[in-house]
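**Q** Have a look at this one before I ask anything.
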Amino acid sequence: MTTHVVLGDGPAGCAAACALRLASHDVVLAGRGRVHPPGTLELLSGRAASALVTLGLYDAVVSRALPCHMIVSRWGTASYDERPSLLEPFGHGWIVDRHWLDPLLRALARAAGAVPGSGVPTVIATGQNAAGEWRPLGPDRVTLTAVVPSREELRGHLLVESATTGWWSALDDGVRCAFSWTVPAGPGRAELIASWRRALAVGPSVLPADLDHRELTLRPSRSRLTTNLGPARVGDAALSVDPLSGHGLTLALEGAVRCLDPDHAVWLRGQAEEHADSARLTYA
Ligand SMILES: Cc1cc2nc3c(=O)[nH]c(=O)nc-3n(C[C@H](O)[C@H](O)[C@H](O)COP(=O)(O)OP(=O)(O)OC[C@H]3O[C@@H](n4cnc5c(N)ncnc54)[C@H](O)[C@@H]3O)c2cc1C
């Protein structure tokens, strides 16, 4: 059996390690053990269920996460649209905190037989800063997030709201509630914070009054597809999509399942086109 060295121990790298172990390969997982701050909340789409089951990760992840049962959106409309997540094509998703998700996936990869170490990588999973050549799929963005204690009225909700210069989102996992403001990348930190303050003044009515005084985290996001697909690349190191899609984690898991598939590159290109089209329509 081949020994694979997976470089990068985020969701994509851990999932790839599990997929390779399921195919009876020896796996070395080479990572930095990065832990996101508490309240780094993301939506794990219901579409991810199939990949989670295939990888043997479903029970451990889902038992820890809060189902996202309601999507509340105001996107260029006067009033809010409230949609039960059960009506989504793949059913409800889950609100996960990257603070626990990444360490959990590392532990599950280890339990599946992946060993920590280093070596010449056969699978690249180093995220959106991975070296390589890229085809842009849309503009780069930056998200500013403030975390507050869970809010009863937002528990298990995803809120998305467009504004003139960016968009708001909120996710609440029953422990914390993260309010995020996403804008096109470019301005420096001071201008981004000024943009956050201006947006706060006219933002959704659910924004807490003291949000202005909270510590902010800034996360850049890219929207692009790599053009060099060897060695195997998974997750954001292969394809990163606009955070509004809520599919980055799902693509990371689904790509990991396919990481040795000869049609992996074709699948990635198809996903890239689909996501770029959908982002163009959403932002039009
Ligand atoms: C603001 C924001 C909001 C988002 N919201 C959502 C959402 O709601 N739903 C969703 O599905 N997706 C969301 N995403 C996308 C999601 O975060 C990514 O798609 C996901 O993190 C991809 O996982 P990954 O493992 O490919 O990359 P990463 O999570 O970036 O993991 C890469 C790992 O590799 C490690 N690494 C890097 N370089 C090296 C190296 N040289 N050697 C060893 N290790 C290395 C890093 O430390 C890191 O742990 C969001 C992204 C952003 C920026």
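Simple scheme: letters A, B, ... for chains in structure tokens order, numbers from 1 for residues in each chain, numbers from 1 for ligands in the order shown.
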How would you write, as number ranges by chain, the set of residues in range 44-190 of chain A that DSSP gives as helix (DSSP H, G or I)?
**A** A: 46-55, 58-62, 85-87, 98-111, 127-129, 152-154, 189-190
**Q** Using only C-alpha atoms and all ligand atoms, which residues have at least one atom no more than 7 Å from ligand 1? Output them as a PyMOL selection string.
**A** chain A and resi 7-13+30-34+41-45+125-128+130+142-143+219-221+234-237+240+243+246-250+252
**Q** So which residues of range 28-241 of chain A fall under strand (DSSP E) by DSSP, listed as a VMD selection string?
**A** chain A and resid 28 to 30 41 to 44 66 to 68 70 to 74 81 to 84 93 to 97 115 to 116 123 to 124 134 to 136 141 to 149 157 to 162 167 to 172 176 to 184 217 to 221 224 to 226 232 to 233 239 to 240
**Q** So, with only C-alpha atoms as the atoms that count, which of A:His99, A:Arg21, A:His36, A:Arg269 lies closest to Arg64 in chain A?
**A**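 Smallest distance to Arg64 in chain A is found for A:His99.
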**Q** Find the spatial neighbours of Trp75 in chain A, counting only C-alpha atoms, within a cut-off of 8 Å - ignore same-chain residues fewer than 6 positions away - and output them as a list in words.
**A** Val160, Glu161 and Ser162 of chain A
**Q** Counting only C-alpha atoms, which residue out of A:Val183, A:Ala232, A:Val6, A:Leu144 sits closest to Tyr283 in chain A?
**A** A:Val183
**Q** Please provide the set of residues having any atom within 12 Å of Leu260 in chain A, restricted to only C-alpha atoms, with same-chain residues fewer than 6 positions apart removed, written as a list in words.
**A**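 Selected residues are Thr2, His4, Ala16, Ala17, Ala19, Leu20, Arg21, Leu22, Ala23, His25, Thr122, Val123, Leu229, Gly230, Pro231, Ala232, Arg233, Val234, Glu254 and Trp267 of chain A.
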**Q** Taking only C-alpha atoms into account, which of A:Thr40, A:Thr226, A:Asn129, A:Thr145 comes nearest Leu101 in chain A?
**A**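 Smallest distance to Leu101 in chain A is found for A:Thr40.
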**Q** Which is closer to Glu273 in chain A than all the others in A:Ala15, A:Leu158, A:Leu239, A:Ala65, using only C-alpha atoms?
**A**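 Looking only at the distances to Glu273 in chain A, the closest residue turns out to be A:Leu239.
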**Q** Excluding range 170-173 of chain A and any residue of its chain fewer than 3 positions from it, enumerate the residues within 7 Å of it, using only C-alpha atoms, and give them as a list in words.
**A**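 The filter keeps Leu41, Leu66, Ile95, Ser150, Leu154, Arg155, Gly156, His157, Leu158, Leu159, Val160, Arg176, Cys177, Ala178, Phe179 and Ser180 of chain A.
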**Q** Which neighbours of Ser205 in chain A fall inside 12 Å, counting only C-alpha atoms, when residues of the same chain fewer than 3 positions from it are skipped, and could you give them as a PyMOL selection string?
**A** chain A and resi 74+80+159+161+168+170+199-202+208-209
**Q** Mind pulling up the distance from CA of Leu105 in chain A to CA of Gly93 in chain A?
**A** 17.6 Å
